[in-house]
$ cat final_6.txt   # compact mmCIF, C-alpha atoms and all ligand atoms
# COMPACT_ATOMS: atom_id res chain seq x y z
CA MET E 1319 13.96 4.28 -3.79
CA HIS E 1320 14.34 3.26 -0.14
CA ASP E 1321 10.69 4.27 0.41
CA VAL E 1322 9.53 2.11 -2.54
CA TRP E 1323 11.47 -0.87 -1.21
CA SER E 1324 10.15 -0.51 2.35
CA ARG E 1325 6.53 -0.24 1.08
CA LEU E 1326 7.03 -3.38 -1.01
CA LYS E 1327 8.48 -5.19 2.01
CA SER E 1328 5.68 -4.17 4.39
CA ASP E 1329 2.67 -4.57 2.03
CA THR E 1330 2.50 -8.10 0.57
CA GLN E 1331 -0.53 -7.40 -1.64
CA LEU E 1332 1.12 -4.29 -3.10
CA ALA E 1333 4.17 -6.41 -3.91
CA VAL E 1334 1.94 -9.06 -5.56
CA VAL E 1335 -0.03 -6.53 -7.67
CA SER E 1336 3.22 -4.80 -8.72
CA THR E 1337 4.90 -8.10 -9.61
CA VAL E 1338 1.99 -9.44 -11.66
CA GLY E 1339 1.72 -5.97 -13.24
CA VAL E 1340 5.35 -6.14 -14.40
CA PHE E 1341 4.91 -9.78 -15.56
CA GLY E 1342 1.68 -8.80 -17.36
CA ILE E 1343 3.39 -5.95 -19.22
CA VAL E 1344 6.49 -8.02 -20.06
CA SER E 1345 4.43 -10.99 -21.34
CA VAL E 1346 1.68 -9.08 -23.20
CA THR E 1347 3.91 -6.54 -25.03
CA PRO E 1348 5.66 -9.07 -27.39
CA PHE E 1349 2.25 -10.60 -28.27
CA ALA E 1350 0.81 -7.16 -29.06
CA ILE E 1351 3.75 -6.55 -31.44
CA TYR E 1352 3.34 -10.03 -32.99
CA ARG E 1353 -0.43 -9.46 -33.57
CA MET E 1354 0.33 -6.08 -35.17
CA TRP E 1355 2.67 -7.87 -37.55
CA GLN E 1356 -0.21 -10.33 -38.27
CA ASP E 1357 -2.67 -7.44 -38.85
CA ASN E 1358 -4.97 -8.90 -36.14
CA TRP E 1359 -6.06 -5.44 -34.93
CA LEU E 1360 -8.85 -6.61 -32.61
CA VAL E 1361 -6.35 -8.61 -30.54
CA VAL E 1362 -3.88 -5.70 -30.73
CA ALA E 1363 -6.61 -3.43 -29.26
CA VAL E 1364 -7.26 -5.99 -26.48
CA ASP E 1365 -3.53 -6.16 -25.70
CA ILE E 1366 -3.24 -2.36 -25.55
CA ILE E 1367 -6.26 -2.18 -23.19
CA LEU E 1368 -4.58 -4.86 -21.05
CA LEU E 1369 -1.32 -2.88 -20.88
CA LEU E 1370 -3.09 0.39 -20.02
CA THR E 1371 -5.33 -1.25 -17.41
CA THR E 1372 -2.34 -2.93 -15.82
CA LEU E 1373 -0.53 0.41 -15.53
CA ILE E 1374 -3.66 2.09 -14.09
CA ALA E 1375 -4.27 -0.73 -11.55
CA VAL E 1376 -0.64 -0.66 -10.35
CA ALA E 1377 -0.82 3.16 -10.12
CA ILE E 1378 -4.06 2.95 -8.05
CA SER E 1379 -2.51 0.52 -5.60
CA TRP E 1380 0.61 2.70 -5.15
CA ARG E 1381 -1.20 6.05 -5.04
CA TYR E 1382 -4.26 5.13 -2.92
CA GLY E 1383 -3.20 1.84 -1.32
CA SER E 1384 -6.32 0.17 -2.84
CA THR E 1385 -4.66 -3.12 -3.71
CA ARG E 1386 -7.98 -5.02 -3.54
CA LEU E 1387 -9.66 -2.69 -6.05
CA ALA E 1388 -6.57 -2.88 -8.29
CA GLY E 1389 -6.73 -6.70 -8.16
CA GLN E 1390 -10.43 -6.74 -9.01
CA ILE E 1391 -9.87 -4.42 -12.00
CA LEU E 1392 -7.02 -6.63 -13.23
CA ALA E 1393 -9.05 -9.85 -12.78
CA ALA E 1394 -12.07 -8.41 -14.63
CA VAL E 1395 -10.05 -7.02 -17.55
CA TYR E 1396 -7.71 -10.02 -17.94
CA GLY E 1397 -10.72 -12.42 -17.71
CA THR E 1398 -12.57 -10.54 -20.45
CA ALA E 1399 -9.39 -10.43 -22.55
CA ALA E 1400 -8.83 -14.19 -22.17
CA VAL E 1401 -12.36 -14.85 -23.48
CA ILE E 1402 -11.96 -12.46 -26.44
CA VAL E 1403 -8.52 -13.84 -27.33
CA SER E 1404 -9.78 -17.46 -27.03
CA ILE E 1405 -12.59 -16.68 -29.49
CA HIS E 1406 -10.47 -14.73 -31.96
CA VAL E 1407 -7.23 -16.71 -31.86
CA GLN E 1408 -9.10 -20.06 -31.64
CA ALA E 1409 -7.36 -23.11 -30.16
CA GLY E 1410 -4.05 -21.30 -29.45
CA GLY E 1411 -5.82 -18.61 -27.42
CA LEU E 1412 -7.33 -21.17 -25.04
CA PHE E 1413 -3.92 -21.73 -23.41
CA TRP E 1414 -4.14 -18.24 -21.88
CA PHE E 1415 -6.92 -19.54 -19.66
CA TYR E 1416 -4.46 -21.51 -17.56
CA CYS E 1417 -2.44 -18.32 -16.93
CA LEU E 1418 -5.68 -16.50 -16.08
CA ILE E 1419 -6.59 -19.10 -13.42
CA LEU E 1420 -3.28 -18.63 -11.60
CA PHE E 1421 -3.26 -14.88 -12.19
CA ASN E 1422 -6.69 -14.47 -10.53
CA PHE E 1423 -5.54 -16.32 -7.42
CA PHE E 1424 -2.62 -13.91 -7.06
CA VAL E 1425 -4.60 -10.68 -7.36
CA ILE E 1426 -7.95 -11.38 -5.63
CA PRO E 1427 -9.13 -13.52 -2.67
CA PRO E 1428 -9.64 -17.29 -3.36
CA LEU E 1429 -13.47 -17.26 -3.50
CA GLN E 1430 -13.66 -14.20 -5.78
CA SER E 1431 -10.96 -15.72 -7.93
CA THR E 1432 -12.88 -19.00 -8.36
CA ILE E 1433 -16.06 -17.10 -9.25
CA ALA E 1434 -14.18 -14.93 -11.81
CA THR E 1435 -12.65 -18.02 -13.44
CA LEU E 1436 -16.00 -19.87 -13.53
CA LEU E 1437 -17.72 -16.84 -15.10
CA ALA E 1438 -15.11 -16.54 -17.87
CA LEU E 1439 -15.14 -20.32 -18.45
CA SER E 1440 -18.96 -20.49 -18.58
CA PHE E 1441 -19.12 -17.61 -21.04
CA LEU E 1442 -16.54 -19.28 -23.30
CA CYS E 1443 -18.32 -22.66 -23.18
CA ILE E 1444 -21.75 -21.12 -23.94
CA TYR E 1445 -20.20 -19.23 -26.87
CA GLY E 1446 -18.46 -22.44 -27.99
CA VAL E 1447 -21.72 -24.44 -27.93
CA MET E 1448 -23.56 -21.70 -29.85
CA HIS E 1449 -20.78 -21.43 -32.47
CA PRO E 1450 -19.62 -25.02 -33.12
CA GLY E 1451 -16.07 -25.32 -34.43
CA GLU E 1452 -15.22 -21.69 -33.72
CA VAL E 1453 -13.65 -21.94 -30.25
CA PHE E 1454 -13.41 -25.72 -29.71
CA VAL E 1455 -12.72 -28.31 -32.40
CA ASP E 1456 -15.48 -30.54 -31.01
CA LEU E 1457 -17.51 -31.24 -27.86
CA GLN E 1458 -14.87 -33.64 -26.52
CA GLN E 1459 -12.19 -30.93 -26.67
CA MET E 1460 -14.51 -28.52 -24.86
CA LEU E 1461 -15.16 -31.06 -22.08
CA ILE E 1462 -11.45 -31.84 -21.64
CA PHE E 1463 -10.60 -28.13 -21.59
CA THR E 1464 -13.35 -27.44 -19.01
CA ALA E 1465 -12.30 -30.36 -16.79
CA THR E 1466 -8.59 -29.35 -16.82
CA CYS E 1467 -9.47 -25.70 -16.07
CA LEU E 1468 -11.68 -26.77 -13.14
CA LEU E 1469 -8.92 -29.02 -11.79
CA CYS E 1470 -6.33 -26.22 -12.02
CA SER E 1471 -8.81 -23.91 -10.31
CA LEU E 1472 -9.37 -26.43 -7.52
CA PHE E 1473 -5.62 -26.89 -6.92
CA ALA E 1474 -5.04 -23.12 -6.98
CA PHE E 1475 -7.99 -22.55 -4.62
CA THR E 1476 -6.69 -25.08 -2.11
CA PHE E 1477 -3.18 -23.63 -2.23
CA ALA E 1478 -4.36 -19.98 -1.98
CA TRP E 1479 -6.75 -20.77 0.88
CA ARG E 1480 -4.10 -22.63 2.89
CA THR E 1481 -1.52 -19.92 2.25
CA GLY E 1482 -4.01 -17.24 3.34
CA ARG E 1483 -4.73 -19.10 6.60
CA GLN E 1484 -1.03 -19.57 7.31
CA ARG E 1485 -0.36 -15.87 6.65
CA GLN E 1486 -3.21 -14.97 9.02
CA ARG E 1487 -1.80 -17.28 11.71
CA LEU E 1488 1.70 -15.81 11.32
CA ARG E 1489 0.29 -12.29 11.58
CA THR E 1490 -1.53 -13.24 14.80
CA LEU E 1491 1.62 -14.83 16.25
CA ALA E 1492 3.68 -11.77 15.38
CA ASN E 1493 1.23 -9.31 16.95
CA MET E 1494 -0.22 -11.14 19.95
CA ASP E 1495 1.13 -12.19 23.33
CA PRO E 1496 0.69 -16.00 23.22
CA LEU E 1497 -0.02 -16.36 26.97
CA THR E 1498 -2.70 -13.72 27.55
CA GLY E 1499 -4.00 -13.17 24.01
CA VAL E 1500 -3.59 -9.39 24.24
CA GLY E 1501 -1.42 -7.33 21.85
CA ASN E 1502 2.35 -7.62 22.30
CA ARG E 1503 5.00 -4.90 22.60
CA ARG E 1504 5.45 -4.70 18.84
CA THR E 1505 1.71 -4.01 18.32
CA LEU E 1506 1.77 -1.46 21.14
CA THR E 1507 4.62 0.44 19.46
CA ARG E 1508 2.64 0.54 16.19
CA GLU E 1509 -0.60 1.61 17.90
CA MET E 1510 1.21 4.35 19.83
CA GLU E 1511 2.67 5.71 16.58
CA ILE E 1512 -0.86 5.71 15.06
CA ALA E 1513 -2.17 7.52 18.16
CA LEU E 1514 0.61 10.13 17.90
CA ALA E 1515 -0.17 10.72 14.22
CA SER E 1516 -3.91 11.03 14.93
CA HIS E 1517 -3.23 13.40 17.87
CA ASN E 1518 -0.92 15.62 15.80
CA ARG E 1519 -3.22 15.70 12.75
CA HIS E 1520 -6.73 15.80 14.28
CA GLY E 1521 -6.07 16.65 17.92
CA THR E 1522 -7.65 13.35 19.10
CA PRO E 1523 -7.00 12.97 22.85
CA PHE E 1524 -5.23 9.79 23.98
CA GLY E 1525 -4.19 8.42 27.34
CA LEU E 1526 -2.40 5.32 28.55
CA LEU E 1527 -2.17 3.35 31.75
CA LEU E 1528 0.92 1.34 32.68
CA LEU E 1529 -0.19 -1.56 34.89
CA ASP E 1530 2.27 -3.59 36.94
CA LEU E 1531 1.16 -6.47 39.18
CA ASP E 1532 2.36 -6.13 42.78
CA ASN E 1533 4.83 -8.63 44.29
CA PHE E 1534 4.30 -10.98 41.36
CA LYS E 1535 7.66 -12.61 42.01
CA CYS E 1536 6.27 -13.92 45.34
CA ILE E 1537 3.41 -15.68 43.51
CA ASN E 1538 5.90 -17.36 41.19
CA ASP E 1539 8.23 -18.26 44.05
CA ARG E 1540 5.49 -19.62 46.35
CA GLN E 1541 2.97 -21.11 43.93
CA GLY E 1542 5.14 -21.76 40.88
CA HIS E 1543 5.17 -20.38 37.32
CA VAL E 1544 2.00 -22.22 36.24
CA GLU E 1545 0.02 -20.35 38.89
CA GLY E 1546 1.89 -17.14 37.90
CA ASP E 1547 0.78 -17.67 34.29
CA ARG E 1548 -2.82 -18.24 35.38
CA VAL E 1549 -2.77 -14.99 37.35
CA LEU E 1550 -1.45 -13.12 34.30
CA VAL E 1551 -4.21 -14.56 32.06
CA GLU E 1552 -6.94 -13.73 34.58
CA PHE E 1553 -5.49 -10.27 35.15
CA ALA E 1554 -5.68 -9.54 31.41
CA GLN E 1555 -9.30 -10.78 31.28
CA LEU E 1556 -10.40 -8.74 34.30
CA THR E 1557 -8.68 -5.61 32.98
CA ARG E 1558 -10.34 -5.98 29.60
CA ASN E 1559 -13.73 -6.48 31.26
CA ALA E 1560 -13.19 -3.39 33.41
CA SER E 1561 -12.32 -1.14 30.44
CA ARG E 1562 -14.22 0.28 27.47
CA ARG E 1563 -14.57 -1.70 24.25
CA SER E 1564 -12.44 0.86 22.41
CA ASP E 1565 -9.55 0.57 24.91
CA ARG E 1566 -6.69 -1.66 23.82
CA LEU E 1567 -4.65 -3.81 26.21
CA PHE E 1568 -1.05 -4.85 25.47
CA ARG E 1569 1.53 -6.85 27.39
CA LEU E 1570 4.77 -4.92 27.56
CA GLY E 1571 6.62 -7.90 29.06
CA GLY E 1572 6.68 -9.90 32.31
CA GLU E 1573 3.90 -8.65 34.61
CA GLU E 1574 3.69 -5.20 32.92
CA PHE E 1575 0.75 -4.22 30.72
CA VAL E 1576 -0.36 -1.06 28.90
CA LEU E 1577 -3.94 0.06 28.35
CA LEU E 1578 -4.22 2.52 25.45
CA MET E 1579 -7.31 4.73 25.39
CA SER E 1580 -8.65 7.21 22.86
CA ASN E 1581 -11.01 10.16 23.39
CA ILE E 1582 -10.19 10.39 27.06
CA ASP E 1583 -9.50 13.31 29.44
CA GLN E 1584 -7.77 13.58 32.82
CA ALA E 1585 -10.90 12.70 34.80
CA GLY E 1586 -11.65 9.71 32.53
CA LEU E 1587 -8.10 8.39 32.87
CA GLU E 1588 -8.20 8.65 36.67
CA SER E 1589 -11.61 7.01 36.87
CA ALA E 1590 -10.57 4.14 34.54
CA ALA E 1591 -7.38 3.54 36.54
CA ASN E 1592 -9.23 3.55 39.86
CA SER E 1593 -11.84 1.17 38.52
CA ILE E 1594 -9.15 -1.32 37.41
CA VAL E 1595 -7.29 -1.10 40.76
CA ARG E 1596 -10.58 -1.89 42.56
CA THR E 1597 -11.60 -4.70 40.16
CA ILE E 1598 -8.23 -6.45 40.47
CA SER E 1599 -7.96 -6.22 44.28
CA THR E 1600 -11.57 -7.46 44.61
CA HIS E 1601 -11.61 -10.29 42.08
CA LEU E 1602 -8.04 -11.51 41.48
CA ARG E 1603 -6.89 -14.14 43.98
CA SER E 1604 -3.91 -16.46 44.25
CA ALA E 1605 -3.83 -19.13 46.97
CA GLY E 1606 -6.71 -17.34 48.67
CA ARG E 1607 -4.82 -14.03 48.90
CA PRO E 1608 -5.80 -10.91 46.92
CA VAL E 1609 -3.51 -9.92 44.05
CA THR E 1610 -3.13 -6.17 43.48
CA VAL E 1611 -1.86 -3.87 40.77
CA SER E 1612 -0.07 -0.50 40.69
CA ILE E 1613 -0.91 1.82 37.82
CA GLY E 1614 0.74 4.90 36.32
CA GLY E 1615 -1.25 7.00 33.84
CA ALA E 1616 -0.49 9.80 31.42
CA LEU E 1617 -2.37 11.73 28.77
CA LEU E 1618 -0.64 12.35 25.45
CA ASP E 1619 0.52 15.98 25.53
CA ALA E 1620 1.67 18.24 22.69
CA GLY E 1621 5.35 17.61 22.02
CA ASP E 1622 5.29 14.05 23.40
CA ASP E 1623 6.73 11.16 21.46
CA SER E 1624 5.97 7.54 22.30
CA ILE E 1625 9.02 7.27 24.60
CA SER E 1626 8.30 10.43 26.63
CA TRP E 1627 4.61 9.47 26.87
CA LEU E 1628 5.43 6.01 28.22
CA ASN E 1629 8.14 7.47 30.52
CA LYS E 1630 5.58 9.80 32.16
CA ALA E 1631 3.31 6.84 32.93
CA ASP E 1632 6.30 4.77 34.08
CA ALA E 1633 7.40 7.49 36.55
CA CYS E 1634 3.83 7.59 37.92
CA MET E 1635 3.71 3.81 38.21
CA TYR E 1636 6.89 3.86 40.34
CA ARG E 1637 5.32 6.55 42.52
CA ALA E 1638 2.34 4.24 43.00
CA LYS E 1639 4.71 1.39 44.00
CA HIS E 1640 6.62 3.60 46.43
CA GLY E 1641 3.35 4.97 47.79
CA GLY E 1642 2.40 1.50 49.02
CA ARG E 1643 1.18 -0.37 45.87
CA ASN E 1644 -2.50 -1.24 45.04
CA ARG E 1645 -3.09 2.30 43.76
CA CYS E 1646 -2.74 4.54 40.77
CA VAL E 1647 -0.96 7.81 40.08
CA VAL E 1648 -1.87 9.89 37.06
CA HIS E 1649 0.44 12.47 35.53
CA LEU E 1650 -0.84 16.05 35.32
CA ALA E 1651 0.65 18.75 33.11
CA ASP E 1652 2.44 20.49 36.02
CA GLU E 1653 1.97 18.15 38.94
CA VAL E 1654 1.42 14.52 39.84
CA SER E 1655 -1.88 13.57 41.44
CA ALA E 1656 -2.01 10.55 43.70
CA LEU E 1657 -5.21 8.57 43.98
CA ILE E 1658 -5.63 5.84 46.51
CA GLY E 1659 -7.35 2.82 44.93
N1 LIG I 1701 4.70 -16.93 35.55
C1 LIG I 1701 5.32 -16.01 34.83
N2 LIG I 1701 6.19 -15.18 35.42
C2 LIG I 1701 6.80 -14.22 34.69
C3 LIG I 1701 6.55 -14.09 33.31
N3 LIG I 1701 7.31 -13.05 32.86
C4 LIG I 1701 7.99 -12.56 33.93
N4 LIG I 1701 7.69 -13.27 35.05
C5 LIG I 1701 8.17 -13.09 36.40
O1 LIG I 1701 7.67 -11.87 36.97
C6 LIG I 1701 8.46 -11.55 38.09
C7 LIG I 1701 8.60 -10.04 38.16
O2 LIG I 1701 9.22 -9.73 39.34
P1 LIG I 1701 9.60 -8.26 39.78
O3 LIG I 1701 10.07 -7.50 38.58
O4 LIG I 1701 10.55 -8.37 40.95
O5 LIG I 1701 8.27 -7.57 40.20
P2 LIG I 1701 7.29 -7.84 41.45
O6 LIG I 1701 7.65 -9.06 42.23
O7 LIG I 1701 5.91 -7.82 40.89
O8 LIG I 1701 7.56 -6.59 42.36
P3 LIG I 1701 6.91 -5.15 42.21
O9 LIG I 1701 6.71 -4.89 40.74
O10 LIG I 1701 7.93 -4.24 42.82
O11 LIG I 1701 5.62 -5.16 42.96
C8 LIG I 1701 9.77 -12.29 37.92
O12 LIG I 1701 9.86 -13.29 38.91
C9 LIG I 1701 9.67 -12.92 36.53
O13 LIG I 1701 10.32 -14.18 36.49
C10 LIG I 1701 5.63 -15.00 32.69
O14 LIG I 1701 5.36 -14.96 31.49
N5 LIG I 1701 5.04 -15.94 33.48
$ encode --input "final_6.txt" --output "structure tokens"
Amino acid sequence: MHDVWSRLKSDTQLAVVSTVGVFGIVSVTPFAIYRMWQDNWLVVAVDIILLLTTLIAVAISWRYGSTRLAGQILAAVYGTAAVIVSIHVQAGGLFWFYCLILFNFFVIPPLQSTIATLLALSFLCIYGVMHPGEVFVDLQQMLIFTATCLLCSLFAFTFAWRTGRQRQRLRTLANMDPLTGVGNRRTLTREMEIALASHNRHGTPFGLLLLDLDNFKCINDRQGHVEGDRVLVEFAQLTRNASRRSDRLFRLGGEEFVLLMSNIDQAGLESAANSIVRTISTHLRSAGRPVTVSIGGALLDAGDDSISWLNKADACMYRAKHGGRNRCVVHLADEVSALIG
């Protein structure tokens, strides 16, 4: 039960599909029973298909995590059902269209949702024009119905689009360091857990570098925090430029950064660290003086967890500081190798 709750809390789309699934079942079931009582077996069949599809879509999203596919199945089936019910229940059935418009915006992205609604609406209007008096009382009713559906769709689109953008912005704020634009500590923790899982399952080699700017306090004290911030931003840019596209840079806090690398061996880690030490001492300047970095590196070994992995790199970084700064030290299985940058 705890697992179900934590998945619902961490996966918004899963929570949405599950909620609309429960609402769908709760709202369709009484109508299916009512139509049975009325002997309207076509609509009963549609309702039963709706209930089964809802259960299948919710099961797909829980079992395989395919919430997008589940949403598309739900939108397609509920759209088709709304058209069939509108034709066979006449005027009363048309009201379901308004639920469909909102429903689509919950389960699929805004553009897909608008297209799905327009398709269902167009089909209904074409059928209505070809069979006068069957779906709409007259042309005026059809036009009013179409206009109100389009308006609802427009409002829902605007709301869903804005909400999506806000959610995206919040996600960025939660995962990114606002000063340097690299991943923050929280993202690093998640990425390290993913690396550990991939290493344990597939044996993928990983390494990390812990980078700490040298005497950064002096820059702040002499040149002020604005200059300190500029140095941090430029340091992040230079480090990213000096590393591979697949390497990921994170700010651990203050003037400490972590570079996470996949598919790397001891020699690769040493060479990457040396290259960054050289790039920074050559290109990073503050008040005309070179700024340098000390780096500790460690490969992910069998039996490591994220804390022991980071601790190995941290111990090496302190060795680099005590060895005179502007250098890197990379952890070996049985020894520590010092490399002058
Ligand atoms: N400008 C700026 N300074 C920061 C930020 N975060 C932390 N600092 C400063 O970074 C400095 C870190 O100082 P220390 O931990 O003594 O490290 P250091 O001076 O680089 O010394 P070593 O690491 O031993 O070479 C402190 O003065 C913090 O105030 C930030 O976001 N912007």
$ closest_residue --input "final_6.txt" --among "E:Asn1592, E:Gln1331, E:Thr1597, E:Ser1324" --to "E:Pro1427" --atoms "all atoms listed in the file"
E:Gln1331
$ residues_near_point --input "final_6.txt" --point "(4.6, -15.9, -18.2)" --cutoff "10 Å" --atoms "all atoms listed in the file" --output "ChimeraX atom specification"
/E:1338,1341-1342,1344-1346,1414,1417,1421
$ residues_around --input "final_6.txt" --residues "stretch 1487-1502 of chain E" --least-positions-apart "3" --cutoff "10 Å" --atoms "only C-alpha atoms" --output "PDB file with C-alpha atoms, in the coordinates of the input"
ATOM      1  CA  THR E1481      -1.520 -19.920   2.250  1.00  0.00           C
ATOM      2  CA  GLY E1482      -4.010 -17.240   3.340  1.00  0.00           C
ATOM      3  CA  ARG E1483      -4.730 -19.100   6.600  1.00  0.00           C
ATOM      4  CA  GLN E1484      -1.030 -19.570   7.310  1.00  0.00           C
ATOM      5  CA  THR E1505       1.710  -4.010  18.320  1.00  0.00           C
ATOM      6  CA  LEU E1506       1.770  -1.460  21.140  1.00  0.00           C
ATOM      7  CA  THR E1507       4.620   0.440  19.460  1.00  0.00           C
ATOM      8  CA  ARG E1508       2.640   0.540  16.190  1.00  0.00           C
ATOM      9  CA  GLU E1509      -0.600   1.610  17.900  1.00  0.00           C
ATOM     10  CA  ASP E1547       0.780 -17.670  34.290  1.00  0.00           C
ATOM     11  CA  ARG E1548      -2.820 -18.240  35.380  1.00  0.00           C
ATOM     12  CA  VAL E1549      -2.770 -14.990  37.350  1.00  0.00           C
ATOM     13  CA  LEU E1550      -1.450 -13.120  34.300  1.00  0.00           C
ATOM     14  CA  VAL E1551      -4.210 -14.560  32.060  1.00  0.00           C
ATOM     15  CA  GLU E1552      -6.940 -13.730  34.580  1.00  0.00           C
ATOM     16  CA  PHE E1553      -5.490 -10.270  35.150  1.00  0.00           C
ATOM     17  CA  ALA E1554      -5.680  -9.540  31.410  1.00  0.00           C
ATOM     18  CA  GLN E1555      -9.300 -10.780  31.280  1.00  0.00           C
ATOM     19  CA  ARG E1558     -10.340  -5.980  29.600  1.00  0.00           C
ATOM     20  CA  ARG E1566      -6.690  -1.660  23.820  1.00  0.00           C
ATOM     21  CA  LEU E1567      -4.650  -3.810  26.210  1.00  0.00           C
ATOM     22  CA  PHE E1568      -1.050  -4.850  25.470  1.00  0.00           C
ATOM     23  CA  ARG E1569       1.530  -6.850  27.390  1.00  0.00           C
ATOM     24  CA  LEU E1570       4.770  -4.920  27.560  1.00  0.00           C
ATOM     25  CA  GLY E1571       6.620  -7.900  29.060  1.00  0.00           C
ATOM     26  CA  PHE E1575       0.750  -4.220  30.720  1.00  0.00           C
ATOM     27  CA  VAL E1576      -0.360  -1.060  28.900  1.00  0.00           C
TER      28      VAL E1576
END
$ residues_near_ligand --input "final_6.txt" --ligand "ligand LIG 1701 (chain I)" --cutoff "7 Å" --atoms "all atoms listed in the file" --output "PyMOL selection string"
chain E and resi 1530-1536+1538+1543-1547+1571-1573+1639
$ atom_distance --input "final_6.txt" --atom1 "atom CA of E:Val1407" --atom2 "atom CA of E:Glu1452"
9.6 Å
$ residues_around --input "final_6.txt" --residues "stretch 1646-1651 of chain E" --least-positions-apart "3" --cutoff "9 Å" --atoms "only C-alpha atoms" --output "number ranges by chain"
E: 1527, 1529, 1584, 1587-1588, 1591-1592, 1595, 1611-1617, 1619, 1630-1631, 1633-1639, 1643, 1654-1659
$ atom_distance --input "final_6.txt" --atom1 "atom CA of E:Trp1380" --atom2 "atom CA of E:Ile1402"
29.0 Å
$ closest_residue --input "final_6.txt" --among "E:Val1361, E:Ile1366, E:Leu1392, E:Leu1556" --to "E:Val1335" --atoms "all atoms listed in the file"
E:Leu1392
$ closest_residue --input "final_6.txt" --among "E:Ser1564, E:Thr1435, E:Asn1559, E:Ser1328" --to "E:Ser1593" --atoms "only C-alpha atoms"
E:Asn1559
$ atom_distance --input "final_6.txt" --atom1 "atom CA of E:Val1609" --atom2 "atom CA of E:Leu1526"
21.8 Å
$ closest_residue --input "final_6.txt" --among "E:Thr1466, E:Ser1384, E:Thr1347, E:Thr1476" --to "E:Leu1429" --atoms "all atoms listed in the file"
E:Thr1476
$ closest_residue --input "final_6.txt" --among "E:Ala1363, E:Leu1578, E:Gly1339, E:Asp1456" --to "E:Leu1628" --atoms "only C-alpha atoms"
E:Leu1578
$ residues_around --input "final_6.txt" --residues "E:Ala1394" --least-positions-apart "4" --cutoff "12 Å" --atoms "only C-alpha atoms" --output "list in words"
Leu1368, Thr1371, Thr1372, Ala1375, Leu1387, Ala1388, Gly1389, Gln1390, Thr1398, Ala1399, Ala1400, Val1401, Leu1418, Phe1421, Asn1422, Val1425, Ile1426, Gln1430, Ser1431, Ile1433, Ala1434, Thr1435, Leu1437 and Ala1438 of chain E
$ closest_residue --input "final_6.txt" --among "E:Ser1516, E:Asn1358, E:Asn1644, E:Thr1600" --to "E:Ser1580" --atoms "only C-alpha atoms"
E:Ser1516
$ decode --input "final_6.txt" --residues "stretch 1433-1444 of chain E" --atoms "N, CA and C atoms" --output "PDB file, in the first residue's frame"
ATOM      1  N   ILE E1433      -7.092  17.963 -30.959  1.00  0.00           N
ATOM      2  CA  ILE E1433      -7.328  17.234 -32.211  1.00  0.00           C
ATOM      3  C   ILE E1433      -8.383  16.138 -31.996  1.00  0.00           C
ATOM      4  N   ALA E1434      -8.264  15.393 -30.868  1.00  0.00           N
ATOM      5  CA  ALA E1434      -9.224  14.306 -30.581  1.00  0.00           C
ATOM      6  C   ALA E1434     -10.640  14.868 -30.471  1.00  0.00           C
ATOM      7  N   THR E1435     -10.779  16.008 -29.767  1.00  0.00           N
ATOM      8  CA  THR E1435     -12.106  16.608 -29.597  1.00  0.00           C
ATOM      9  C   THR E1435     -12.653  17.074 -30.949  1.00  0.00           C
ATOM     10  N   LEU E1436     -11.795  17.724 -31.756  1.00  0.00           N
ATOM     11  CA  LEU E1436     -12.254  18.228 -33.063  1.00  0.00           C
ATOM     12  C   LEU E1436     -12.686  17.078 -33.973  1.00  0.00           C
ATOM     13  N   LEU E1437     -11.930  15.953 -33.911  1.00  0.00           N
ATOM     14  CA  LEU E1437     -12.289  14.797 -34.744  1.00  0.00           C
ATOM     15  C   LEU E1437     -13.676  14.274 -34.370  1.00  0.00           C
ATOM     16  N   ALA E1438     -13.888  14.079 -33.060  1.00  0.00           N
ATOM     17  CA  ALA E1438     -15.186  13.547 -32.600  1.00  0.00           C
ATOM     18  C   ALA E1438     -16.312  14.519 -32.957  1.00  0.00           C
ATOM     19  N   LEU E1439     -16.054  15.817 -32.762  1.00  0.00           N
ATOM     20  CA  LEU E1439     -17.075  16.836 -33.033  1.00  0.00           C
ATOM     21  C   LEU E1439     -17.396  16.890 -34.535  1.00  0.00           C
ATOM     22  N   SER E1440     -16.360  16.831 -35.378  1.00  0.00           N
ATOM     23  CA  SER E1440     -16.571  16.877 -36.828  1.00  0.00           C
ATOM     24  C   SER E1440     -17.398  15.679 -37.277  1.00  0.00           C
ATOM     25  N   PHE E1441     -17.028  14.496 -36.736  1.00  0.00           N
ATOM     26  CA  PHE E1441     -17.758  13.290 -37.133  1.00  0.00           C
ATOM     27  C   PHE E1441     -19.240  13.415 -36.774  1.00  0.00           C
ATOM     28  N   LEU E1442     -19.498  13.925 -35.555  1.00  0.00           N
ATOM     29  CA  LEU E1442     -20.886  14.057 -35.094  1.00  0.00           C
ATOM     30  C   LEU E1442     -21.661  15.055 -35.964  1.00  0.00           C
ATOM     31  N   CYS E1443     -21.001  16.184 -36.306  1.00  0.00           N
ATOM     32  CA  CYS E1443     -21.676  17.209 -37.118  1.00  0.00           C
ATOM     33  C   CYS E1443     -21.958  16.683 -38.527  1.00  0.00           C
ATOM     34  N   ILE E1444     -20.988  15.973 -39.123  1.00  0.00           N
ATOM     35  CA  ILE E1444     -21.202  15.420 -40.474  1.00  0.00           C
ATOM     36  C   ILE E1444     -22.381  14.440 -40.439  1.00  0.00           C
TER      37      ILE E1444
END
